[in-house]
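J.: This is target.pdb, which holds PDB, C-alpha atoms:
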```pdb
MODEL        1
ATOM      1  CA  ILE Q 249      30.937 -75.538-181.232
ATOM      2  CA  CYS Q 250      32.737 -73.333-178.761
ATOM      3  CA  THR Q 251      36.029 -73.189-180.692
ATOM      4  CA  SER Q 252      34.649 -70.993-183.481
ATOM      5  CA  TYR Q 253      33.301 -68.356-181.078
ATOM      6  CA  GLN Q 254      36.268 -68.599-178.719
ATOM      7  CA  GLY Q 255      38.670 -68.212-181.653
ATOM      8  CA  ASP Q 256      36.918 -65.099-182.829
ATOM      9  CA  SER Q 257      37.038 -63.684-179.297
ATOM     10  CA  LEU Q 258      40.751 -64.398-178.925
ATOM     11  CA  VAL Q 259      41.755 -62.942-182.304
ATOM     12  CA  LYS Q 260      39.846 -59.792-181.446
ATOM     13  CA  LYS Q 261      40.759 -57.971-178.275
ATOM     14  CA  CYS Q 262      39.495 -59.821-175.232
ATOM     15  CA  ALA Q 263      38.557 -57.794-172.184
ATOM     16  CA  SER Q 264      40.410 -60.192-169.887
ATOM     17  CA  ASP Q 265      42.765 -63.113-170.517
ATOM     18  CA  ASP Q 266      41.915 -64.399-167.044
ATOM     19  CA  ALA Q 267      38.237 -64.549-167.998
ATOM     20  CA  GLU Q 268      39.115 -66.653-171.043
ATOM     21  CA  ARG Q 269      41.216 -69.035-168.927
ATOM     22  CA  GLN Q 270      38.458 -69.373-166.338
ATOM     23  CA  MET Q 271      35.947 -70.227-169.051
ATOM     24  CA  ILE Q 272      38.293 -72.874-170.507
ATOM     25  CA  ALA Q 273      38.831 -74.320-167.007
ATOM     26  CA  LYS Q 274      35.047 -74.634-166.544
ATOM     27  CA  LEU Q 275      34.693 -76.334-169.922
ATOM     28  CA  ARG Q 276      37.543 -78.723-169.028
ATOM     29  CA  SER Q 277      35.890 -79.708-165.733
ATOM     30  CA  GLU Q 278      32.536 -80.302-167.459
ATOM     31  CA  CYS Q 279      33.632 -81.864-170.759
ATOM     32  CA  GLY Q 280      37.132 -83.259-170.175
ATOM     33  CA  ASN Q 281      40.666 -82.420-171.279
ATOM     34  CA  GLN Q 282      40.198 -83.535-174.877
ATOM     35  CA  TYR Q 283      37.351 -81.068-175.410
ATOM     36  CA  THR Q 284      39.452 -78.040-174.436
ATOM     37  CA  LEU Q 285      42.751 -79.156-175.993
ATOM     38  CA  LYS Q 286      42.362 -76.976-179.071
ATOM     39  CA  LEU Q 287      41.212 -73.984-177.012
ATOM     40  CA  GLU Q 288      44.288 -74.285-174.796
ATOM     41  CA  THR Q 289      46.476 -74.464-177.897
ATOM     42  CA  MET Q 290      44.847 -71.272-179.155
ATOM     43  CA  MET Q 291      45.570 -69.534-175.848
ATOM     44  CA  LYS Q 292      49.202 -70.682-176.122
ATOM     45  CA  ASP Q 293      49.357 -69.252-179.645
ATOM     46  CA  MET Q 294      48.161 -65.881-178.367
ATOM     47  CA  LYS Q 295      50.781 -65.833-175.601
ATOM     48  CA  ILE Q 296      53.622 -66.719-177.976
ATOM     49  CA  SER Q 297      52.371 -64.132-180.458
ATOM     50  CA  GLN Q 298      52.369 -61.438-177.769
ATOM     51  CA  GLU Q 299      55.931 -62.340-176.758
ATOM     52  CA  THR Q 300      57.008 -62.235-180.413
ATOM     53  CA  MET Q 301      55.572 -58.738-180.844
ATOM     54  CA  GLU Q 302      57.336 -57.563-177.680
ATOM     55  CA  LYS Q 303      60.693 -58.806-179.050
ATOM     56  CA  TYR Q 304      59.977 -57.187-182.416
ATOM     57  CA  ASN Q 305      59.150 -53.830-180.825
ATOM     58  CA  GLU Q 306      62.379 -53.984-178.809
ATOM     59  CA  GLU Q 307      64.459 -54.618-181.928
ATOM     60  CA  TYR Q 308      62.497 -52.243-184.172
ATOM     61  CA  PRO Q 309      61.193 -49.423-181.965
ATOM     62  CA  SER Q 310      58.477 -47.460-183.728
ATOM     63  CA  GLY Q 311      59.930 -44.222-184.997
ATOM     64  CA  SER Q 312      56.678 -43.148-186.632
ATOM     65  CA  ALA Q 313      53.015 -42.886-185.764
ATOM     66  CA  LEU Q 314      52.461 -46.495-186.918
ATOM     67  CA  GLN Q 315      52.148 -49.101-184.178
ATOM     68  CA  LEU Q 316      52.168 -52.656-185.503
ATOM     69  CA  ASP Q 317      50.307 -55.546-183.868
ATOM     70  CA  ILE Q 318      50.450 -58.871-185.712
ATOM     71  CA  LYS Q 319      49.043 -62.119-184.331
ATOM     72  CA  VAL Q 320      50.902 -65.198-185.569
ATOM     73  CA  LEU Q 321      48.560 -68.188-185.336
ATOM     74  CA  THR Q 322      49.235 -71.849-186.065
ATOM     75  CA  GLN Q 323      47.312 -73.003-189.106
ATOM     76  CA  GLY Q 324      44.901 -75.804-188.239
ATOM     77  CA  ASN Q 325      44.395 -74.685-184.646
ATOM     78  CA  TRP Q 326      42.083 -71.841-185.523
ATOM     79  CA  PRO Q 327      38.617 -71.828-187.164
ATOM     80  CA  ILE Q 328      39.804 -69.394-189.836
ATOM     81  CA  GLU Q 329      38.477 -70.161-193.294
ATOM     82  CA  GLY Q 330      39.034 -68.640-196.691
ATOM     83  CA  LYS Q 331      41.962 -68.140-199.030
ATOM     84  CA  VAL Q 332      44.801 -65.704-198.475
ATOM     85  CA  SER Q 333      43.495 -62.289-199.548
ATOM     86  CA  LEU Q 334      45.693 -60.331-201.939
ATOM     87  CA  CYS Q 335      46.165 -56.583-201.793
ATOM     88  CA  ASN Q 336      48.905 -54.171-202.829
ATOM     89  CA  LEU Q 337      49.477 -52.363-199.572
ATOM     90  CA  PRO Q 338      50.540 -48.711-199.458
ATOM     91  CA  PRO Q 339      54.189 -48.186-198.375
ATOM     92  CA  GLU Q 340      53.053 -47.073-194.921
ATOM     93  CA  LEU Q 341      51.676 -50.590-194.345
ATOM     94  CA  ASP Q 342      53.862 -52.646-196.681
ATOM     95  CA  ASP Q 343      57.230 -51.646-195.172
ATOM     96  CA  PRO Q 344      56.326 -52.759-191.602
ATOM     97  CA  LYS Q 345      54.914 -56.001-193.021
ATOM     98  CA  HIS Q 346      58.248 -56.840-194.688
ATOM     99  CA  SER Q 347      60.131 -55.727-191.584
ATOM    100  CA  PHE Q 348      58.166 -58.112-189.362
ATOM    101  CA  THR Q 349      58.446 -60.970-191.871
ATOM    102  CA  ASP Q 350      62.256 -60.619-191.981
ATOM    103  CA  PHE Q 351      62.392 -60.474-188.174
ATOM    104  CA  TYR Q 352      60.185 -63.565-187.760
ATOM    105  CA  MET Q 353      62.121 -65.641-190.300
ATOM    106  CA  LYS Q 354      65.368 -65.050-188.417
ATOM    107  CA  PHE Q 355      64.002 -67.185-185.578
ATOM    108  CA  HIS Q 356      61.704 -69.515-187.544
ATOM    109  CA  ASN Q 357      63.500 -70.371-190.765
ATOM    110  CA  GLY Q 358      61.429 -72.519-193.107
ATOM    111  CA  ARG Q 359      58.028 -71.392-191.877
ATOM    112  CA  ILE Q 360      55.542 -69.615-194.125
ATOM    113  CA  LEU Q 361      53.578 -66.555-193.043
ATOM    114  CA  ASN Q 362      50.223 -66.151-194.791
ATOM    115  CA  LEU Q 363      48.698 -62.744-194.178
ATOM    116  CA  LYS Q 364      44.927 -62.731-193.666
ATOM    117  CA  LEU Q 365      44.463 -59.130-194.746
ATOM    118  CA  ASN Q 366      40.685 -59.460-194.719
ATOM    119  CA  MET Q 367      40.839 -59.949-190.928
ATOM    120  CA  GLY Q 368      43.112 -56.990-190.221
ATOM    121  CA  GLU Q 369      42.177 -53.526-188.982
ATOM    122  CA  VAL Q 370      43.878 -50.136-189.243
ATOM    123  CA  GLU Q 371      43.438 -46.950-187.266
ATOM    124  CA  VAL Q 372      43.799 -43.948-189.572
ATOM    125  CA  ARG Q 373      43.750 -40.271-188.691
ATOM    126  CA  ALA Q 374      42.538 -38.032-191.473
ATOM    127  CA  HIS Q 375      41.147 -34.597-192.270
ATOM    128  CA  ILE Q 376      38.002 -35.287-194.299
ATOM    129  CA  GLY Q 377      35.407 -32.654-195.083
ATOM    130  CA  SER Q 378      37.165 -29.955-193.056
ATOM    131  CA  PRO Q 379      40.866 -29.252-192.397
ATOM    132  CA  GLU Q 380      39.918 -28.202-188.879
ATOM    133  CA  ARG Q 381      38.516 -31.584-187.829
ATOM    134  CA  LEU Q 382      40.888 -34.528-187.379
ATOM    135  CA  TYR Q 383      38.965 -37.810-187.414
ATOM    136  CA  GLU Q 384      40.269 -41.140-186.174
ATOM    137  CA  PHE Q 385      38.846 -44.000-188.216
ATOM    138  CA  THR Q 386      38.991 -47.715-187.434
ATOM    139  CA  MET Q 387      38.736 -49.541-190.751
ATOM    140  CA  THR Q 388      39.702 -52.699-192.585
ATOM    141  CA  ILE Q 389      43.016 -52.976-194.403
ATOM    142  CA  PHE Q 390      41.159 -52.972-197.734
ATOM    143  CA  GLN Q 391      39.363 -49.750-196.819
ATOM    144  CA  ALA Q 392      42.654 -48.144-195.783
ATOM    145  CA  ALA Q 393      44.424 -49.253-198.976
ATOM    146  CA  ILE Q 394      41.709 -47.596-201.079
ATOM    147  CA  LEU Q 395      41.413 -44.383-199.049
ATOM    148  CA  MET Q 396      45.178 -43.841-198.995
ATOM    149  CA  LEU Q 397      45.189 -43.742-202.808
ATOM    150  CA  PHE Q 398      43.476 -40.358-202.506
ATOM    151  CA  ASN Q 399      46.525 -38.853-200.807
ATOM    152  CA  GLU Q 400      47.933 -38.440-204.322
ATOM    153  CA  ASN Q 401      44.759 -38.399-206.438
ATOM    154  CA  ASP Q 402      41.653 -36.236-206.273
ATOM    155  CA  GLU Q 403      39.594 -38.613-208.413
ATOM    156  CA  ILE Q 404      40.192 -42.270-209.271
ATOM    157  CA  LEU Q 405      38.333 -44.580-211.644
ATOM    158  CA  TYR Q 406      37.147 -48.005-210.509
ATOM    159  CA  GLU Q 407      39.522 -49.770-212.927
ATOM    160  CA  ASP Q 408      42.482 -47.766-211.622
ATOM    161  CA  ILE Q 409      41.632 -48.658-208.022
ATOM    162  CA  MET Q 410      41.495 -52.338-208.952
ATOM    163  CA  GLN Q 411      44.798 -52.125-210.820
ATOM    164  CA  LYS Q 412      46.627 -50.301-208.031
ATOM    165  CA  THR Q 413      45.301 -52.357-205.110
ATOM    166  CA  GLN Q 414      44.948 -55.774-206.837
ATOM    167  CA  ILE Q 415      41.963 -56.486-204.580
ATOM    168  CA  SER Q 416      39.613 -59.090-206.027
ATOM    169  CA  GLU Q 417      36.531 -57.762-207.816
ATOM    170  CA  VAL Q 418      34.106 -59.085-205.190
ATOM    171  CA  GLU Q 419      36.054 -57.675-202.240
ATOM    172  CA  LEU Q 420      36.699 -54.379-204.027
ATOM    173  CA  LYS Q 421      33.027 -53.756-204.749
ATOM    174  CA  LYS Q 422      32.026 -54.611-201.178
ATOM    175  CA  THR Q 423      34.701 -52.283-199.815
ATOM    176  CA  LEU Q 424      33.732 -49.402-202.108
ATOM    177  CA  ILE Q 425      30.077 -49.809-201.159
ATOM    178  CA  SER Q 426      31.009 -49.632-197.466
ATOM    179  CA  LEU Q 427      32.974 -46.404-198.062
ATOM    180  CA  LEU Q 428      30.001 -44.939-199.921
ATOM    181  CA  ILE Q 429      27.596 -45.917-197.142
ATOM    182  CA  CYS Q 430      29.652 -44.145-194.478
ATOM    183  CA  LYS Q 431      30.017 -41.159-196.875
ATOM    184  CA  THR Q 432      33.812 -40.966-196.780
ATOM    185  CA  LEU Q 433      33.745 -41.428-200.577
ATOM    186  CA  VAL Q 434      31.256 -40.274-203.178
ATOM    187  CA  LYS Q 435      30.938 -41.067-206.838
ATOM    188  CA  VAL Q 436      32.259 -38.421-209.190
ATOM    189  CA  GLY Q 437      29.533 -36.053-210.330
ATOM    190  CA  THR Q 438      27.167 -36.636-207.421
ATOM    191  CA  GLN Q 439      26.879 -35.965-203.700
ATOM    192  CA  THR Q 440      24.246 -38.674-203.168
ATOM    193  CA  VAL Q 441      25.073 -42.123-201.843
ATOM    194  CA  ASP Q 442      24.383 -44.513-204.720
ATOM    195  CA  SER Q 443      25.654 -47.650-203.005
ATOM    196  CA  LYS Q 444      23.411 -50.253-204.618
ATOM    197  CA  GLU Q 445      25.676 -50.904-207.574
ATOM    198  CA  ILE Q 446      29.300 -50.319-208.539
ATOM    199  CA  LYS Q 447      29.988 -49.957-212.262
ATOM    200  CA  GLU Q 448      33.351 -50.293-213.963
ATOM    201  CA  SER Q 449      32.894 -46.810-215.413
ATOM    202  CA  ASP Q 450      32.423 -45.205-211.976
ATOM    203  CA  GLY Q 451      34.869 -42.694-210.587
ATOM    204  CA  PHE Q 452      35.329 -41.853-206.915
ATOM    205  CA  ARG Q 453      36.587 -38.976-204.813
ATOM    206  CA  VAL Q 454      36.767 -38.053-201.145
ATOM    207  CA  ASN Q 455      33.584 -36.471-199.827
ATOM    208  CA  ASP Q 456      34.509 -32.827-199.165
ATOM    209  CA  ARG Q 457      31.187 -32.397-197.310
ATOM    210  CA  PHE Q 458      31.783 -35.230-194.868
ATOM    211  CA  VAL Q 459      30.800 -34.310-191.325
ATOM    212  CA  SER Q 460      30.245 -36.252-188.102
ATOM    213  CA  LYS Q 461      29.658 -35.205-184.528
ATOM    214  CA  PHE Q 462      32.036 -37.983-183.459
ATOM    215  CA  LEU Q 463      35.792 -37.705-183.929
ATOM    216  CA  ARG Q 464      36.377 -41.451-183.500
ATOM    217  CA  LEU Q 465      34.494 -43.642-185.962
ATOM    218  CA  ARG Q 466      34.425 -47.289-187.005
ATOM    219  CA  LEU Q 467      33.704 -47.688-190.697
ATOM    220  CA  PRO Q 468      31.054 -50.310-191.531
ATOM    221  CA  GLN Q 469      31.742 -53.446-193.509
ATOM    222  CA  VAL Q 470      29.586 -54.953-196.223
ATOM    223  CA  THR Q 471      29.518 -58.738-196.173
ATOM    224  CA  ASP Q 472      28.238 -61.221-198.710
ATOM    225  CA  LYS Q 473      24.935 -63.058-198.335
ATOM    226  CA  GLN Q 474      26.518 -65.970-196.518
ATOM    227  CA  THR Q 475      27.939 -63.649-193.877
ATOM    228  CA  ILE Q 476      24.845 -61.477-193.590
ATOM    229  CA  ASN Q 477      22.524 -64.427-193.140
ATOM    230  CA  ASN Q 478      23.542 -65.770-189.751
ATOM    231  CA  GLN Q 479      20.568 -68.122-189.582
ATOM    232  CA  GLU Q 480      22.337 -71.020-191.297
ATOM    233  CA  PRO Q 481      25.340 -71.250-188.902
ATOM    234  CA  MET Q 482      23.030 -70.691-185.932
ATOM    235  CA  GLN Q 483      20.782 -73.519-187.110
ATOM    236  CA  LYS Q 484      23.830 -75.784-187.383
ATOM    237  CA  LEU Q 485      24.919 -74.742-183.912
ATOM    238  CA  GLU Q 486      21.495 -75.428-182.390
ATOM    239  CA  SER Q 487      21.306 -78.786-184.161
ATOM    240  CA  SER Q 488      24.734 -79.771-182.855
ATOM    241  CA  VAL Q 489      23.825 -78.738-179.300
ATOM    242  CA  GLU Q 490      20.593 -80.750-179.417
ATOM    243  CA  GLU Q 491      22.481 -83.779-180.715
ATOM    244  CA  ASP Q 492      25.032 -83.577-177.883
ATOM    245  CA  ARG Q 493      22.270 -83.188-175.307
ATOM    246  CA  GLY Q 494      20.419 -86.165-176.752
ATOM    247  CA  LEU Q 495      23.529 -88.337-176.426
ATOM    248  CA  LEU Q 496      23.960 -87.255-172.799
ATOM    249  CA  ILE Q 497      20.326 -88.112-172.059
ATOM    250  CA  ASP Q 498      20.799 -91.538-173.687
ATOM    251  CA  ALA Q 499      23.895 -92.230-171.599
ATOM    252  CA  THR Q 500      22.107 -91.132-168.428
ATOM    253  CA  LEU Q 501      19.077 -93.336-169.137
ATOM    254  CA  VAL Q 502      21.227 -96.407-169.773
ATOM    255  CA  LYS Q 503      23.328 -95.732-166.669
ATOM    256  CA  ILE Q 504      20.246 -95.484-164.439
ATOM    257  CA  LEU Q 505      18.742 -98.695-165.815
ATOM    258  CA  LYS Q 506      22.025-100.585-165.531
ATOM    259  CA  SER Q 507      22.339 -99.685-161.865
ATOM    260  CA  ARG Q 508      18.694-100.345-160.905
ATOM    261  CA  ARG Q 509      17.694-102.914-163.528
ATOM    262  CA  LYS Q 510      14.030-101.828-163.399
ATOM    263  CA  VAL Q 511      12.534 -98.331-162.966
ATOM    264  CA  ASP Q 512       9.026 -97.006-163.547
ATOM    265  CA  HIS Q 513       8.642 -94.420-166.309
ATOM    266  CA  ASN Q 514       7.974 -91.318-164.189
ATOM    267  CA  THR Q 515      10.898 -92.048-161.847
ATOM    268  CA  LEU Q 516      13.217 -92.606-164.806
ATOM    269  CA  VAL Q 517      12.265 -89.252-166.323
ATOM    270  CA  ALA Q 518      12.608 -87.432-162.982
ATOM    271  CA  ASP Q 519      16.029 -88.961-162.225
ATOM    272  CA  THR Q 520      17.291 -88.169-165.727
ATOM    273  CA  ILE Q 521      16.305 -84.525-165.264
ATOM    274  CA  LYS Q 522      18.094 -84.513-161.895
ATOM    275  CA  PHE Q 523      21.341 -86.089-163.165
ATOM    276  CA  THR Q 524      21.575 -83.840-166.243
ATOM    277  CA  SER Q 525      20.632 -80.621-164.425
ATOM    278  CA  SER Q 526      24.286 -79.620-163.950
ATOM    279  CA  HIS Q 527      24.656 -79.466-167.759
ATOM    280  CA  PHE Q 528      21.262 -78.188-168.960
ATOM    281  CA  ALA Q 529      17.554 -78.235-168.138
ATOM    282  CA  ALA Q 530      16.276 -81.385-169.812
ATOM    283  CA  ASP Q 531      12.756 -81.332-171.235
ATOM    284  CA  PRO Q 532      10.545 -84.270-170.095
ATOM    285  CA  GLN Q 533       9.104 -84.618-173.597
ATOM    286  CA  THR Q 534      12.603 -84.885-175.060
ATOM    287  CA  ILE Q 535      13.475 -87.581-172.501
ATOM    288  CA  LYS Q 536      10.363 -89.562-173.497
ATOM    289  CA  VAL Q 537      11.424 -89.370-177.156
ATOM    290  CA  ARG Q 538      14.934 -90.601-176.258
ATOM    291  CA  ILE Q 539      13.441 -93.487-174.248
ATOM    292  CA  GLU Q 540      11.394 -94.570-177.278
ATOM    293  CA  SER Q 541      14.504 -94.302-179.442
ATOM    294  CA  LEU Q 542      16.507 -96.540-177.087
ATOM    295  CA  ILE Q 543      13.664 -99.085-177.027
ATOM    296  CA  GLU Q 544      13.637 -99.205-180.843
ATOM    297  CA  LYS Q 545      17.416 -99.751-180.843
ATOM    298  CA  ASP Q 546      17.047-102.579-178.265
ATOM    299  CA  TYR Q 547      19.219-100.830-175.690
ATOM    300  CA  ILE Q 548      16.368-100.998-173.182
ATOM    301  CA  GLU Q 549      12.978-102.692-173.102
ATOM    302  CA  ARG Q 550       9.604-102.188-171.469
ATOM    303  CA  GLY Q 551       8.647-104.285-168.479
ATOM    304  CA  LYS Q 552       6.216-107.121-169.082
ATOM    305  CA  ALA Q 553       3.556-105.359-167.043
ATOM    306  CA  ASP Q 554       3.738-102.218-169.296
TER
ENDMDL
END
```
Let me see whether you can do it: turn the structure in this file into structure tokens.

T.:
Amino acid sequence: ICTSYQGDSLVKKCASDDAERQMIAKLRSECGNQYTLKLETMMKDMKISQETMEKYNEEYPSGSALQLDIKVLTQGNWPIEGKVSLCNLPPELDDPKHSFTDFYMKFHNGRILNLKLNMGEVEVRAHIGSPERLYEFTMTIFQAAILMLFNENDEILYEDIMQKTQISEVELKKTLISLLICKTLVKVGTQTVDSKEIKESDGFRVNDRFVSKFLRLRLPQVTDKQTINNQEPMQKLESSVEEDRGLLIDATLVKILKSRRKVDHNTLVADTIKFTSSHFAADPQTIKVRIESLIEKDYIERGKAD
């Protein structure tokens, strides 16, 4: 349960590594070493990745405005799903990628680096709308790959963008919609934001009327229905938590009855609440349901007087 959220927090910038370690230590004390083993492996991955980037920057000091930060993560340790995303990167991004790959392979011959471009971010400075205003955009790699095509083209057709970037049709349409929503791009022949549908005949250009009161902006992302609808994963999470709590209540009930042999119902419920209080606030009604379940499974039985 925790690994998915912790992994996302670690891949993104965490406010404090110490805070992450303290949280893992608390989980270890509550749930045991086995529960936090994968989390500790993820923390180790992040440390090794940071050391690798430090060595790379020493050997290849940045002589340009580009500052590279790549996180090398062990496959299988991280809750990262999805296939490797393909994209023809512009030279400004492709050259550092090859440089880092060559550097990494010198020390780890035989390993394979799979770039998760859909998880990467780029900070781009650009004059859009006015040559007097320099904006700093934080955007996805796909968004950057598309926008940088307009350094050499005033207008580009949808088919040409797909051919030059090699981004899949689904990802390309989502990325173009996001650029239309934030008004960095507009469709050729209109200044309105028609972001509901992308047609193969559409052409795009940079919005020469773009304006924002902020100089630092994060471009939005458009996700598919599975990503937008967070109810399904949350329902799975809640179901998993309830299942784990139910098992803890069962274990507590059996432990109490084994030690005392016979306990009246109200005392059993009260003691179960007391013994599980360090983990969560147990509901008396839930405890009653778990007692009935254990009786049906013949783990415990009612007294003859009941």

J.: Quick one: of Q:Asn325, Q:Thr289, Q:Gln414, Q:Ser378, who's nearest to Pro338 of chain Q, counting all atoms listed in the file?

T.: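 Using all atoms listed in the file, Pro338 of chain Q sits closest to Q:Gln414.
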
J.: Please produce, as JSON lines, a per-residue contact table for segment 378-496 of chain Q versus segment 532-554 of chain Q (criterion: any atom at most 12 Å away, all atoms listed in the file considered), showing the nearest atom pair and its distance in Å to one decimal, sorted by chain then residue number.

T.:
```
{"residue": "Q:Glu490", "atom": "CA", "partner": "Q:Thr534", "partner_atom": "CA", "distance": 10.0}
{"residue": "Q:Glu491", "atom": "CA", "partner": "Q:Arg538", "partner_atom": "CA", "distance": 11.1}
{"residue": "Q:Arg493", "atom": "CA", "partner": "Q:Thr534", "partner_atom": "CA", "distance": 9.8}
{"residue": "Q:Gly494", "atom": "CA", "partner": "Q:Arg538", "partner_atom": "CA", "distance": 7.1}
{"residue": "Q:Leu495", "atom": "CA", "partner": "Q:Arg538", "partner_atom": "CA", "distance": 8.9}
{"residue": "Q:Leu496", "atom": "CA", "partner": "Q:Arg538", "partner_atom": "CA", "distance": 10.2}
```

J.: Between atom CA of Thr524 of chain Q and atom CA of Thr284 of chain Q, measure the distance and give it in Å to one decimal.

T.: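 Atom-to-atom, atom CA of Thr524 of chain Q and atom CA of Thr284 of chain Q are spaced 20.5 Å apart.
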
J.: Find, counting only C-alpha atoms, the residue in Q:His375, Q:Leu341, Q:Ser333, Q:Lys319 that gets nearest to Leu463 of chain Q.

T.: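 Ranked by minimum distance to Leu463 of chain Q, first place goes to Q:His375.
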
J.: Please list as a PyMOL selection string every residue within 12 Å of Pro379 of chain Q, counting all atoms listed in the file and excluding residues in the same chain fewer than 4 positions away.

T.: chain Q and resi 373-375+383+456-459

J.: Using the chain letters and numbering of this document, enumerate as a list in words the residues selected by the PyMOL selection byres ((chain Q and resi 345-357) around 10).

T.: Thr300, Met301, Lys303, Tyr304, Asn305, Glu307, Tyr308, Leu316, Asp317, Ile318, Val320, Leu337, Pro339, Glu340, Leu341, Asp342, Asp343, Pro344, Gly358, Arg359, Ile360, Leu361 and Leu363 of chain Q

J.: Closest to Gln315 of chain Q among Q:Val372, Q:Met294, Q:Ile504, Q:Met367, using only C-alpha atoms?

T.: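 For Gln315 of chain Q, the nearest of the given residues is Q:Val372.
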
J.: Leaving out Leu505 of chain Q and any residue of its chain fewer than 2 positions from it, which residues lie within 12 Å of it when counting only C-alpha atoms, given as a PyMOL selection string?

T.: chain Q and resi 498-503+507-513+515-517+519-520+539+542+547-551
